[in-house]
Amino acid sequence: MAARFKAAGAELLVSINACPFRPRILQTRIRDIAALRVSETNLPIVYVNSVGGQDSTVFDGGSFVLDGQGRCLVQMPQWEECATDCELARPFTAGTDLFPAPEEEIYRSLVLGLGDYARKSGFSDVVIGMSGGMDSAMVAAIAGDALGPRHVHCVRLPSEYTSDLSNSAAAAMCEKWGFSMATVSIGGLLATATDALVPAAPNGLKKLTRENMQARARGYLLMTLSNEHNWLLLATGNKSEIAMGYATLYGDMCGGYTPLKDIFKTTVYSLARWRNGNRPDGLKGPEGTVIPAEIIDRPPSAELAPNQLDTDSLPPYPILDAILAELLEHDTPVSRIAEKGFEPELVDKVFRMLTLAEYKRRQGAPGLIITDKGFRRVPVVNRFDPGQRERLREMADGK
């Protein structure tokens with residue numbers, strides 16, 4: 001098509017886009033799309049991209065101009081609206097900072113997506129259940145950088161299993177940012193609910209039921225504060241947990257928006273370390289170590305039972321995320337994943353948990369999607385065995 005434009009007398013190519021953000025997308029646009037059109041025609045190209053968040057999508061901007069030799073004359077910043085003048089004859093030598101670090105582009109896309117989602121939905125403030133763990137800290141940081149710290153309201157909701165470290169880490173995070181913080185114990189609510197259930201459950205409640213009650217008590221209280229103050233409640237689940245169903249319906253899944261919905265747990269840690277060492281222009285939070293080391297360094301735990309760790313129910317996150325990436329983002333068959341060095345039984349377990357958690361994902365709050373292949377919808381009920389389904393798919397593909 002570009003060659004036809006040139007044959008018709010075009011002297012300049014202008015590409016007007018609403019291209020959504022994906023990791024490393026800027027390199028793809030410049031090197032794999034625009035540069036090829038220039039090589040076909042020797043015509044300069046102006047690539048103009050939209051900026052802003054819309055539901056689960058964020059448009060990162062990053063407009064640019066290439067001259068007829070494929071040299072980049074202008075590289076506009078991502079994640080902000082701006083304008084500039086460009087003389088196509090001006091010589092240019094590309095610098096080494098043409099493309100941002102992966103952590104920066106992902107983090108800033110999350111900031112822009114959350115900020116626009118809140119503002120366009122009529123919310124100026126957000127509320128977060130601040131547990132003292134990694135996910136709630138990261139969501140609070142994103143919200144603080146997007147909306148400003150005074151618009152972020154954190155609530156500690158301790159139970160008998162909440163550690164002193166969790167309480168102190170949550171307080172340190174809020175103090176560093178200047179977030180408002182309230183503490184509301186869930187003990188009384190749990191006791192009242194347990195007593196009320198005695199006629200229907202005279203033999204007591206199962207361990208998992210009691211754990212879920214804690215999450216739902218927190219969700220109830222946070223939703224009440226959201227209603228009372230017109231604050232947008234942010235759910236703090238990440239992609240790894242959402243994939244495995246490691247979340248409680250009407251509990252920690254409560255909220256109007258899930259910022260980390262497409263972010264694996266291991267990436268959450270990478271983003272935290274990056275943000276502690278970087279504060280680009282446009283972010284509204286403070287500089288320095290904004291996520292305390294005790295939050296980053298501690299083993300992940302839901303703290304719903306004594307001495308509980310995430311690894312009691314899930315594989316270590318580096319292993320889990322590697323398997324999930326193969327399943328969700330690379331469409332690798334289960335049998336081929338095992339060939340890459342993972343235990344076959346573990347791969348089968350992850351695949352089965354991923355499939356069976358579909359009913360929860362259907363009911364989750366929206367969130368920003370930054371990968372080309374997010375969660376694919378599968379039937380919630382159809383009496384199929386997940387492993388058998390995969391084997392049938394491999395047969396259909398001729399594998």
# chains A, B, ... in the order shown; residues from 1 in each chain; ligands from 1

$ residues_around --residues "Asn227 (chain A)" --least-positions-apart "3" --cutoff "12 Å" --atoms "only C-alpha atoms" --output "list in words"
Phe123, Val126, Val127, Tyr220, Leu221, Leu222, Met223, Thr224, Asn230, Trp231, Leu232, Leu233, Gly255 and Gly256 of chain A

$ closest_residue --among "A:Ala18, A:Val46, A:Ile295, A:Leu190" --to "Ser166 (chain A)" --atoms "only C-alpha atoms"
A:Ile295

$ residues_around --residues "Glu211 (chain A)" --least-positions-apart "5" --cutoff "10 Å" --atoms "only C-alpha atoms" --output "short mmCIF file (atom, residue, chain, number, x, y, z; two decimals) with N, CA, C and O atoms, in the first residue's frame"
data_model
loop_
_atom_site.label_atom_id
_atom_site.label_comp_id
_atom_site.auth_asym_id
_atom_site.auth_seq_id
_atom_site.Cartn_x
_atom_site.Cartn_y
_atom_site.Cartn_z
N LEU A 205 -17.34 -24.69 61.40
CA LEU A 205 -17.01 -24.40 60.00
C LEU A 205 -15.66 -25.01 59.63
O LEU A 205 -14.75 -25.08 60.46
N LYS A 206 -15.53 -25.42 58.38
CA LYS A 206 -14.27 -25.97 57.89
C LYS A 206 -13.19 -24.90 57.85
O LYS A 206 -13.47 -23.70 57.78
N ARG A 216 -13.88 -12.24 52.99
CA ARG A 216 -15.17 -11.61 52.70
C ARG A 216 -15.50 -10.51 53.70
O ARG A 216 -16.16 -9.52 53.35
N THR A 248 -10.63 -15.02 46.76
CA THR A 248 -11.93 -15.31 47.33
C THR A 248 -12.99 -14.44 46.67
O THR A 248 -12.90 -13.21 46.71
N ALA A 302 -1.07 -15.01 52.54
CA ALA A 302 -2.40 -14.41 52.70
C ALA A 302 -2.73 -14.16 54.16
O ALA A 302 -3.67 -13.42 54.47
N GLU A 303 -2.00 -14.79 55.08
CA GLU A 303 -2.20 -14.64 56.53
C GLU A 303 -3.65 -14.90 56.94
O GLU A 303 -4.26 -14.13 57.67
N LEU A 304 -4.19 -16.00 56.46
CA LEU A 304 -5.54 -16.41 56.85
C LEU A 304 -5.52 -17.57 57.83
O LEU A 304 -6.58 -18.02 58.28
N ALA A 305 -4.31 -18.06 58.14
CA ALA A 305 -4.14 -19.17 59.07
C ALA A 305 -2.75 -19.05 59.69
O ALA A 305 -1.89 -18.33 59.18
#

$ closest_atom_pairs --of "region 21-74 of chain A" --to "region 100-120 of chain A" --cutoff "9 Å" --atoms "only C-alpha atoms" --output "Markdown table"
| residue | atom | partner | partner_atom | distance |
| --- | --- | --- | --- | --- |
| A:Phe21 | CA | A:Ser109 | CA | 7.3 |
| A:Arg22 | CA | A:Ile106 | CA | 8.1 |
| A:Pro23 | CA | A:Ile106 | CA | 6.6 |
| A:Arg24 | CA | A:Pro102 | CA | 6.9 |
| A:Leu26 | CA | A:Pro100 | CA | 8.9 |
| A:Val51 | CA | A:Leu112 | CA | 9.0 |
| A:Gly52 | CA | A:Leu112 | CA | 6.6 |
| A:Gly53 | CA | A:Gly113 | CA | 4.5 |
| A:Gln54 | CA | A:Tyr117 | CA | 6.5 |
| A:Asp55 | CA | A:Tyr117 | CA | 6.3 |
| A:Ser56 | CA | A:Gly113 | CA | 7.8 |
| A:Thr57 | CA | A:Gly113 | CA | 7.2 |
| A:Val58 | CA | A:Gly113 | CA | 5.4 |
| A:Phe59 | CA | A:Ser109 | CA | 8.2 |
| A:Asp60 | CA | A:Ser109 | CA | 6.8 |

$ atom_distance --atom1 "CA of Tyr257 (chain A)" --atom2 "CA of Gly367 (chain A)"
5.4 Å

$ atom_distance --atom1 "CA of Asn167 (chain A)" --atom2 "CA of Arg210 (chain A)"
21.3 Å

$ atom_distance --atom1 "CA of Ile337 (chain A)" --atom2 "CA of Val268 (chain A)"
23.5 Å
